[in-house]
Structure formats: C-alpha cells, structure tokens
Amino acid sequence: MASVSAIPVMSLDIEQMVASKQALRRRLAALPIAEKLHLLDAMRERAVAIRGVNHRQKIQAQEQPPDYGKKS
Amino acid sequence: MKIEEVIHTVNQMKADGIITNYAIGGAVGATFYLEPVSTLDVDIFIEVHTEPGSTIISLDPIFAYLRERGCKMEGEYVVISGWPVQFLPPTGPLIEEALAGAVEVDVEGTPARVFTAEYIAAIALQTGRAKDKVRLLQFIEARALDLPSFEAIVAKHGLERQWHQFQQFLL
C-alpha cells in the first residue's frame with residue numbers, strides 16, 4: 001500500500017490565499033519609504049534584465065507615458 | 001540604479017534654480033503610500049521659470065543642466081542614475097494644484113516632494129488607462145485615501161462622471 005507523501009499540500013482555500021496576499025501587501029506598504037524605494041530599484045533592474053541587456057532594448061524597457069495633457 | 005540619487009539630483013536642480021518646484025508622481029509617487037509598484041520610469045512634475053511675457057515652457061535648461069552632469073537623453077527621458085526620468089510641466093489645473101499641495105517626505109535625510117495620495121488618485125482617474133484604474137483601486141483597497149478630500153478634488157476638476165463609472169464597475 002502506498003504511503004501518504006510528507007510534502008505539504010498547497011492550500012486551495014481561495015479566501016486564505018487572498019487574505020495572505022492582502023497581509024503581504026499591507027506589510028510591504030508599511031515598510032520605511034527608503035526600503036520601498038530600494039525595492040523599486042531592484043524591480044527595475046530585474047525588469048531591464050528580463051527585457052534584454054543591450055542598449056537598444058534598454059531604451060525599449062520604458063513605459064508608454066500617460067496622457068497628462070487632458071484638461072479638466 | 002538608485003531612485004534616491006534621482007531625488008538628490010532634482011533637489012540640487014531646485015537649489016541651483018533650474019526648477020522652482022517639483023513633485024514626484026506616478027508609480028514612484030504611489031509607492032510612498034502603497035506597497036512598491038513595479039515601474040520602469042520616474043515621473044517628476046515640475047514648475048519652471050518662464051520668460052516674462054511668454055507662456056512657452058522650455059525644458060532645454062533642464063536637459064542642458066543634466067547633460068553637463070553626464071546624464072544621457074533617451075527620447076523624452078533623461079537617464080539619471082540608471083532611471084529614465086520624465087520631467088513634466090503641469091498641463092492643467094489638476095496637476096498645478098497637485099504640485100502646489102505636494103508634501104515633503106524625509107527619505108533617510110533627503111527631502112522628497114511627493115503628490116498627496118488624493119492627488120495621485122485623482123490624476124490616475126483623469127488619465128484613465130487600465131493601469132491607472134488599478135492604481136486607484138489599490139489606493140482604495142489599502143484605505144490610503146482620505147475619501148472626502150479625494151471626492152472634493154474629483155468634484156472641483158469635473159471628474160464626477162469618471163468617478164461614478166469607476167465605482168459602478170470596479171467597487
């Protein structure tokens with residue numbers, strides 16, 4: 001008879017997953033601002049690395065700027 | 001790559017009289033109030049000197065100043081410490097007001113001027129791209145907005161229809 005695996009089973013409880021994600025977001029939001037800015041630096045470095053390392057691709061690794069030109 | 005160096009450079013531009021005032025907006029501005037939001041550039045809204053009698057705003061002095069300090073231009077961006085930075089003069093009363101009401105935040109001893117959460121949210125509502133709506137939703141879910149202040153800004157700048165639609169579809 002096969003034995004039951006000791007590997008923890010991933011939770012499929014969606015409510016638990018959502019609560020866990022929200023808690024993580026709250027913890028990240030509560031970090032000191034300097035630490036959050038360091039995280040942005042790290043995320044951008046990773047994004048640039050993913051999109052390509054040569055200069056041309058670096059230029060392309062920019063966002064479409066928003067249209068701030070609308071008059072209210 | 002260091003955003004703190006971008007902030008330091010912009011503070012120096014202000015000290016040297018290249019710009020009269022500034023405020024950080026966009027995803028970097030939002031990060032002052034929310035969890036870090038991945039972004040590829042930095043939006044710096046600026047007040048600049050204009051020639052007496054002229055209404056034309058030129059960004060040339062900014063670009064010349066930064067070029068002299070070794071920064072490179074990439075399209076409409078200036079690359080400062082590895083970050084593409086876009087300098088944006090105000091294009092309407094909402095952004096003018098946001099600039100005037102920006103707050104100073106201490107980043108490990110360096111002052112940074114940032115739009116208030118309510119103005120970042122109102123600007124997101126006005127620009128209205130999908131990612132801007134996501135940002136507004138993040139502010140609401142995180143309870144990072146003073147809703148009466150936000151709704152006063154929305155009403156003042158004629159964004160009630162967009163706000164009503166946003167509430168109808170996303171809240």
# chains A, B, ... in the order shown; residues from 1 in each chain; ligands from 1
>>> closest_atom_pairs(of="chain B", to="chain A", cutoff="9 Å", atoms="only C-alpha atoms", output="tab-separated table")
residue	atom	partner	partner_atom	distance
B:Met1	CA	A:Asp41	CA	5.9
B:Lys2	CA	A:Asp41	CA	5.8
B:Ile3	CA	A:Leu37	CA	6.5
B:Glu4	CA	A:Leu37	CA	7.4
B:Val28	CA	A:Leu37	CA	7.9
B:Thr31	CA	A:Lys36	CA	7.0
B:Phe32	CA	A:Ile33	CA	6.1
B:Tyr33	CA	A:Ala29	CA	6.8
B:Leu34	CA	A:Ala29	CA	4.7
B:Glu35	CA	A:Ala29	CA	3.8
B:Pro36	CA	A:Lys36	CA	5.7
B:Val37	CA	A:Leu40	CA	7.2
B:Ser38	CA	A:Met43	CA	6.1
B:Thr39	CA	A:Arg44	CA	6.5
B:Leu40	CA	A:Gln62	CA	5.4
B:Asp41	CA	A:Gln62	CA	6.5
B:Asp43	CA	A:Pro65	CA	9.0
B:Glu74	CA	A:Ile59	CA	6.7
B:Gly75	CA	A:Ile59	CA	8.3
B:Trp83	CA	A:Arg44	CA	8.4
B:Pro84	CA	A:Gln62	CA	7.6
B:Gln86	CA	A:Pro65	CA	8.7
B:Leu88	CA	A:Tyr68	CA	8.5
B:Pro90	CA	A:Tyr68	CA	8.2
B:Thr91	CA	A:Gly69	CA	5.3
B:Gly92	CA	A:Lys71	CA	5.2
B:Pro93	CA	A:Ser72	CA	6.9
B:Leu94	CA	A:Ser72	CA	6.9
B:Ile95	CA	A:Tyr68	CA	8.5
B:Val105	CA	A:Ile33	CA	8.9
B:Asp106	CA	A:Ile33	CA	8.5
B:Val107	CA	A:Ala34	CA	5.6
B:Glu108	CA	A:Ala34	CA	6.5
B:Ile123	CA	A:Tyr68	CA	8.1
B:Gln126	CA	A:Lys70	CA	7.7
B:Thr127	CA	A:Asp67	CA	6.0
B:Gly128	CA	A:Pro66	CA	8.7
B:Arg129	CA	A:Pro66	CA	7.6
B:Asp132	CA	A:Pro66	CA	8.8
B:Ala142	CA	A:Arg26	CA	7.5
B:His157	CA	A:Ser72	CA	5.4
B:Gly158	CA	A:Ser72	CA	6.2
B:Leu159	CA	A:Ser72	CA	7.4
>>> write_last_selection(atoms="C-alpha atoms", output="PDB file, in the first residue's frame")
ATOM      1  CA  MET B   1      20.194  52.245 -10.192  1.00  0.00           C
ATOM      2  CA  LYS B   2      19.053  54.380  -7.309  1.00  0.00           C
ATOM      3  CA  ILE B   3      15.894  56.434  -7.067  1.00  0.00           C
ATOM      4  CA  GLU B   4      17.372  58.210  -4.073  1.00  0.00           C
ATOM      5  CA  VAL B  28       7.057  56.063  -7.674  1.00  0.00           C
ATOM      6  CA  THR B  31       4.931  53.844  -3.611  1.00  0.00           C
ATOM      7  CA  PHE B  32       5.164  56.479  -0.868  1.00  0.00           C
ATOM      8  CA  TYR B  33       1.637  55.402   0.168  1.00  0.00           C
ATOM      9  CA  LEU B  34       1.248  51.818  -1.074  1.00  0.00           C
ATOM     10  CA  GLU B  35       3.302  48.680  -1.469  1.00  0.00           C
ATOM     11  CA  PRO B  36       6.116  49.147  -4.019  1.00  0.00           C
ATOM     12  CA  VAL B  37       4.627  49.218  -7.520  1.00  0.00           C
ATOM     13  CA  SER B  38       6.919  47.958 -10.266  1.00  0.00           C
ATOM     14  CA  THR B  39       7.718  50.705 -12.736  1.00  0.00           C
ATOM     15  CA  LEU B  40      10.247  51.442 -15.428  1.00  0.00           C
ATOM     16  CA  ASP B  41      10.472  55.223 -15.111  1.00  0.00           C
ATOM     17  CA  ASP B  43       7.587  60.956 -13.351  1.00  0.00           C
ATOM     18  CA  GLU B  74      16.741  58.718 -24.329  1.00  0.00           C
ATOM     19  CA  GLY B  75      13.752  60.031 -26.254  1.00  0.00           C
ATOM     20  CA  TRP B  83      16.464  55.523 -14.155  1.00  0.00           C
ATOM     21  CA  PRO B  84      14.646  57.069 -17.144  1.00  0.00           C
ATOM     22  CA  GLN B  86      10.434  62.246 -17.401  1.00  0.00           C
ATOM     23  CA  LEU B  88       6.504  67.014 -16.858  1.00  0.00           C
ATOM     24  CA  PRO B  90       1.753  70.987 -15.475  1.00  0.00           C
ATOM     25  CA  THR B  91      -0.745  70.526 -18.285  1.00  0.00           C
ATOM     26  CA  GLY B  92      -3.871  71.565 -16.440  1.00  0.00           C
ATOM     27  CA  PRO B  93      -5.331  72.892 -13.207  1.00  0.00           C
ATOM     28  CA  LEU B  94      -5.403  69.474 -11.511  1.00  0.00           C
ATOM     29  CA  ILE B  95      -1.665  68.986 -11.815  1.00  0.00           C
ATOM     30  CA  VAL B 105       8.787  63.362   2.881  1.00  0.00           C
ATOM     31  CA  ASP B 106      12.098  62.522   4.511  1.00  0.00           C
ATOM     32  CA  VAL B 107      13.948  59.705   2.717  1.00  0.00           C
ATOM     33  CA  GLU B 108      16.829  58.865   5.028  1.00  0.00           C
ATOM     34  CA  ILE B 123      -4.673  62.165 -11.616  1.00  0.00           C
ATOM     35  CA  GLN B 126      -8.197  61.597 -15.042  1.00  0.00           C
ATOM     36  CA  THR B 127      -5.562  59.785 -17.136  1.00  0.00           C
ATOM     37  CA  GLY B 128      -7.769  56.701 -17.076  1.00  0.00           C
ATOM     38  CA  ARG B 129      -5.542  53.968 -18.523  1.00  0.00           C
ATOM     39  CA  ASP B 132      -4.208  53.985 -13.638  1.00  0.00           C
ATOM     40  CA  ALA B 142      -5.389  49.958   1.075  1.00  0.00           C
ATOM     41  CA  HIS B 157     -11.974  69.186 -11.502  1.00  0.00           C
ATOM     42  CA  GLY B 158     -15.097  67.816 -13.156  1.00  0.00           C
ATOM     43  CA  LEU B 159     -14.208  64.147 -12.796  1.00  0.00           C
TER      44      LEU B 159
END
>>> residues_around(residues="Arg113 of chain B", least_positions_apart="4", cutoff="7 Å", atoms="only C-alpha atoms", output="NGL selection string")
:B and (22-24 or 102-105)
>>> residues_around(residues="Ala121 of chain B", least_positions_apart="4", cutoff="7 Å", atoms="only C-alpha atoms", output="list in words")
Ala117, Leu125 and Leu136 of chain B
>>> atom_distance(atom1="atom CA of Ile19 of chain B", atom2="atom CA of Val48 of chain B")
4.8 Å
>>> atom_distance(atom1="atom CA of Ala152 of chain B", atom2="atom CA of Pro111 of chain B")
27.9 Å
>>> closest_residue(among="B:Val85, B:Ile62, B:Ala100, B:Ile56", to="Val6 of chain B", atoms="only C-alpha atoms")
B:Val85
>>> select_by_dssp(residues="segment 7-170 of chain B", states="strand (DSSP E or B)", output="ChimeraX atom specification")
/B:21-24,42-47,72-74,77-80,83-88,103-107,110-114
>>> select_by_dssp(residues="chain B", states="alpha helix (DSSP H)", output="number ranges by chain")
B: 3-15, 26-31, 60-68, 93-100, 117-127, 130-141, 147-156, 160-170
>>> atom_distance(atom1="atom CA of Ala112 of chain B", atom2="atom CA of Val78 of chain B")
18.7 Å
